[in-house]
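Asker: This is the structure I want to talk about, given as structure tokens.
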Amino acid sequence: MGVQKGESGPHSAILSASAAAIVDWLAEVGTRWGFPADACRVHGLLYLVAKPLFADVLSRELSLTPEATRGALVWLAGEDLVTEGREGWTTQADPWILMMQTLEKRRQRELPSALAVLGPWRHPTDVDDPAVGRQAKRLLDLVEDLAAIDAGTRRLSNHTLRRMVGIGGRAARLLGATGRSRGKS
């Protein structure tokens with residue numbers, strides 16, 4: 001890794017300490033999803049500033065080596081999350097578009113292989129242990145349910161999907177607040 005957690009803020013001329021903490025958090029969360037930490041840091045900075053930055057500026061702002069920055073940008077470009085132009089590197093300013101792009105890449109990579117591995121368990125022919133057969137079928141059911149949800153949501157426009165998630169989020173917050181107040185009585 002090219003930088004240690006917490007190094008963005010004190011050395012940054014662009015980000016406040018609070019904004020640098022967001023970059024650090026994105027790197028931490030990204031690694032839990034299997035993404036490279038340096039790529040998440042670079043992407044986080046580009047997202048927050050919402051303007052093009054050259055690789056040398058990214059390196060300096062994030063205390064990354066030029067090699068680490070180059071590697072992060074190559075990875076991000078391969079994921080279609082950044083583009084390079086005459087004025088530097090940029091990313092989408094809309095977090096929904098970024099999330100949908102990331103989920104689509106994951107879907108393309110992971111769903112076909114999951115279905116290929118688990119598909120034979122729909123009608124297994126040689127199951128030594130009934131518990132293994134049952135658990136494999138449950139896992140297949142989950143993956144097929146996720147594939148069906150994915151297929152359904154891809155037919156929705158971004159606007160409709162945002163509204164649906166927004167309504168669900170507001171309902172969850174309302175129910176959460178209601179549940180908390182009920183629990184106190």
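Letters A, B, ... go to the chains of the structure tokens in the order shown; residues in each chain start at 1; ligands are counted from 1 in the same order.
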Check chain A with DSSP on the backbone and list each residue it calls alpha helix (DSSP H), as an MDAnalysis selection string.

Answerer: chainID A and resid 8:11 17:32 37:49 55:62 66:78 95:118 130:154 158:183

Asker: How would the residues just chosen look if you wrote them out with C-alpha atoms as a short mmCIF file (atom, residue, chain, number, x, y, z; two decimals), in the first residue's frame?

Answerer:
data_model
loop_
_atom_site.label_atom_id
_atom_site.label_comp_id
_atom_site.auth_asym_id
_atom_site.auth_seq_id
_atom_site.Cartn_x
_atom_site.Cartn_y
_atom_site.Cartn_z
CA SER A 8 -4.36 12.26 3.57
CA GLY A 9 -5.42 15.14 5.78
CA PRO A 10 -2.29 16.70 7.29
CA HIS A 11 -0.39 16.74 3.98
CA ALA A 17 -9.07 16.99 7.69
CA SER A 18 -12.78 16.10 7.63
CA ALA A 19 -12.74 15.54 3.87
CA ALA A 20 -9.50 13.53 4.13
CA ALA A 21 -11.29 11.33 6.67
CA ILE A 22 -13.87 10.52 3.96
CA VAL A 23 -11.06 9.43 1.62
CA ASP A 24 -9.63 7.23 4.39
CA TRP A 25 -13.05 5.76 5.09
CA LEU A 26 -13.64 5.00 1.40
CA ALA A 27 -10.29 3.17 1.28
CA GLU A 28 -11.22 1.16 4.36
CA VAL A 29 -14.68 0.27 3.06
CA GLY A 30 -13.35 -0.48 -0.42
CA THR A 31 -10.89 -3.05 0.88
CA ARG A 32 -13.76 -4.87 2.58
CA ALA A 37 -7.04 0.71 -0.96
CA ASP A 38 -4.92 3.10 -3.02
CA ALA A 39 -7.44 2.97 -5.87
CA CYS A 40 -10.23 3.79 -3.40
CA ARG A 41 -8.22 6.71 -2.03
CA VAL A 42 -7.55 8.11 -5.51
CA HIS A 43 -11.17 7.61 -6.50
CA GLY A 44 -12.39 9.21 -3.28
CA LEU A 45 -10.26 12.30 -3.84
CA LEU A 46 -11.39 12.65 -7.46
CA TYR A 47 -15.01 12.21 -6.42
CA LEU A 48 -14.84 14.76 -3.59
CA VAL A 49 -13.09 17.51 -5.55
CA ALA A 55 -1.51 12.04 -11.45
CA ASP A 56 1.29 14.04 -9.79
CA VAL A 57 -1.28 16.07 -7.85
CA LEU A 58 -3.05 12.89 -6.77
CA SER A 59 0.28 11.43 -5.60
CA ARG A 60 1.15 14.54 -3.64
CA GLU A 61 -2.30 14.99 -2.09
CA LEU A 62 -2.53 11.36 -0.97
CA PRO A 66 3.96 7.76 -8.48
CA GLU A 67 3.93 3.98 -9.05
CA ALA A 68 1.13 3.48 -6.54
CA THR A 69 -0.88 6.30 -8.11
CA ARG A 70 -0.32 4.92 -11.61
CA GLY A 71 -1.40 1.45 -10.45
CA ALA A 72 -4.51 2.89 -8.81
CA LEU A 73 -5.45 4.84 -11.93
CA VAL A 74 -4.91 1.81 -14.18
CA TRP A 75 -7.16 -0.27 -11.92
CA LEU A 76 -9.83 2.46 -11.76
CA ALA A 77 -9.75 2.94 -15.54
CA GLY A 78 -10.15 -0.82 -15.99
CA PRO A 95 -22.59 8.57 -6.50
CA TRP A 96 -25.55 6.60 -7.90
CA ILE A 97 -23.90 6.22 -11.28
CA LEU A 98 -20.66 5.15 -9.59
CA MET A 99 -22.47 2.61 -7.46
CA MET A 100 -24.37 1.19 -10.43
CA GLN A 101 -21.18 0.96 -12.52
CA THR A 102 -19.40 -0.86 -9.70
CA LEU A 103 -22.30 -3.24 -9.12
CA GLU A 104 -22.54 -3.97 -12.86
CA LYS A 105 -18.84 -4.86 -13.03
CA ARG A 106 -19.21 -7.15 -10.03
CA ARG A 107 -22.29 -8.75 -11.56
CA GLN A 108 -20.47 -9.39 -14.84
CA ARG A 109 -17.55 -10.98 -12.98
CA GLU A 110 -19.29 -12.94 -10.25
CA LEU A 111 -22.81 -13.96 -11.22
CA PRO A 112 -21.98 -16.25 -14.18
CA SER A 113 -19.32 -18.15 -12.24
CA ALA A 114 -21.59 -18.50 -9.20
CA LEU A 115 -24.37 -19.92 -11.35
CA ALA A 116 -21.93 -22.23 -13.13
CA VAL A 117 -20.60 -23.64 -9.85
CA LEU A 118 -23.96 -23.91 -8.10
CA PRO A 130 -27.84 -34.73 2.42
CA ALA A 131 -26.86 -31.70 4.53
CA VAL A 132 -24.32 -30.61 1.87
CA GLY A 133 -26.97 -31.03 -0.84
CA ARG A 134 -29.50 -29.00 1.13
CA GLN A 135 -27.02 -26.19 1.90
CA ALA A 136 -25.74 -26.05 -1.69
CA LYS A 137 -29.34 -25.82 -2.96
CA ARG A 138 -30.06 -23.01 -0.48
CA LEU A 139 -27.00 -21.15 -1.75
CA LEU A 140 -28.13 -21.70 -5.35
CA ASP A 141 -31.59 -20.36 -4.45
CA LEU A 142 -29.99 -17.24 -2.97
CA VAL A 143 -27.82 -16.63 -6.05
CA GLU A 144 -30.79 -17.17 -8.37
CA ASP A 145 -32.88 -14.76 -6.28
CA LEU A 146 -30.09 -12.16 -6.49
CA ALA A 147 -29.85 -12.72 -10.26
CA ALA A 148 -33.62 -12.19 -10.58
CA ILE A 149 -33.48 -9.00 -8.49
CA ASP A 150 -30.54 -7.82 -10.58
CA ALA A 151 -32.38 -8.51 -13.85
CA GLY A 152 -35.44 -6.67 -12.58
CA THR A 153 -33.56 -3.62 -11.34
CA ARG A 154 -31.56 -3.31 -14.57
CA ASN A 158 -31.71 5.27 -12.68
CA HIS A 159 -34.34 7.84 -11.72
CA THR A 160 -36.90 5.17 -10.79
CA LEU A 161 -34.32 3.11 -8.91
CA ARG A 162 -33.22 6.16 -6.91
CA ARG A 163 -36.81 6.94 -6.00
CA MET A 164 -37.50 3.37 -4.91
CA VAL A 165 -34.39 3.19 -2.75
CA GLY A 166 -35.11 6.67 -1.37
CA ILE A 167 -38.65 5.67 -0.40
CA GLY A 168 -37.35 2.46 1.17
CA GLY A 169 -34.68 4.40 3.07
CA ARG A 170 -37.17 6.93 4.39
CA ALA A 171 -39.53 4.12 5.42
CA ALA A 172 -36.70 2.28 7.18
CA ARG A 173 -35.67 5.44 9.03
CA LEU A 174 -39.27 6.09 10.02
CA LEU A 175 -39.75 2.51 11.21
CA GLY A 176 -36.39 2.62 12.96
CA ALA A 177 -37.36 5.79 14.80
CA THR A 178 -40.77 4.30 15.63
CA GLY A 179 -39.18 1.07 16.82
CA ARG A 180 -36.70 2.95 19.02
CA SER A 181 -39.44 5.02 20.60
CA ARG A 182 -41.55 1.90 21.23
CA GLY A 183 -38.61 0.13 22.84
#

Asker: From the set A:Ala50, A:Ala13, A:Leu64, A:Leu156, which residue has the shortest atom-to-atom contact distance to Gln92 (chain A), counting only C-alpha atoms?

Answerer: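 Looking only at the distances to Gln92 (chain A), the closest residue turns out to be A:Ala50.
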
Asker: Based on the backbone DSSP call, show me all residues of region 7-122 of chain A assigned strand (DSSP E), as number ranges by chain.

Answerer: A: 83-85, 88-90

Asker: Could you save the residues just selected, with N, CA and C atoms, as a PDB file, in the first residue's frame?

Answerer:
ATOM      1  N   THR A  83     -11.588   8.495 -16.005  1.00  0.00           N
ATOM      2  CA  THR A  83     -11.124   8.733 -17.367  1.00  0.00           C
ATOM      3  C   THR A  83     -10.037   9.796 -17.324  1.00  0.00           C
ATOM      4  N   GLU A  84      -9.126   9.707 -18.291  1.00  0.00           N
ATOM      5  CA  GLU A  84      -8.050  10.691 -18.379  1.00  0.00           C
ATOM      6  C   GLU A  84      -8.330  11.622 -19.541  1.00  0.00           C
ATOM      7  N   GLY A  85      -8.220  12.901 -19.263  1.00  0.00           N
ATOM      8  CA  GLY A  85      -8.401  13.911 -20.302  1.00  0.00           C
ATOM      9  C   GLY A  85      -7.226  14.867 -20.311  1.00  0.00           C
ATOM     10  N   GLY A  88      -6.535  16.284 -16.894  1.00  0.00           N
ATOM     11  CA  GLY A  88      -6.240  15.363 -15.800  1.00  0.00           C
ATOM     12  C   GLY A  88      -7.247  14.232 -15.731  1.00  0.00           C
ATOM     13  N   TRP A  89      -7.251  13.566 -14.603  1.00  0.00           N
ATOM     14  CA  TRP A  89      -8.134  12.421 -14.359  1.00  0.00           C
ATOM     15  C   TRP A  89      -9.420  12.899 -13.708  1.00  0.00           C
ATOM     16  N   THR A  90     -10.547  12.284 -14.096  1.00  0.00           N
ATOM     17  CA  THR A  90     -11.845  12.638 -13.521  1.00  0.00           C
ATOM     18  C   THR A  90     -12.651  11.373 -13.246  1.00  0.00           C
TER      19      THR A  90
END

Asker: Between CA of Leu15 (chain A) and CA of Arg86 (chain A), what is the spacing in Å?

Answerer: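 Calculated distance between CA of Arg86 (chain A) and CA of Leu15 (chain A) is 22.9 Å.
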
Asker: Give me, please, the distance in Å between CA of Phe35 (chain A) and CA of Gly119 (chain A), quoted to one decimal.

Answerer: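 Interatomic distance, CA of Phe35 (chain A) to CA of Gly119 (chain A): 27.4 Å.
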
Asker: One decimal, Å: what's the distance from CA of Trp33 (chain A) over to CA of Glu79 (chain A), could you say?

Answerer: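 Separation of CA of Trp33 (chain A) and CA of Glu79 (chain A): 13.9 Å.
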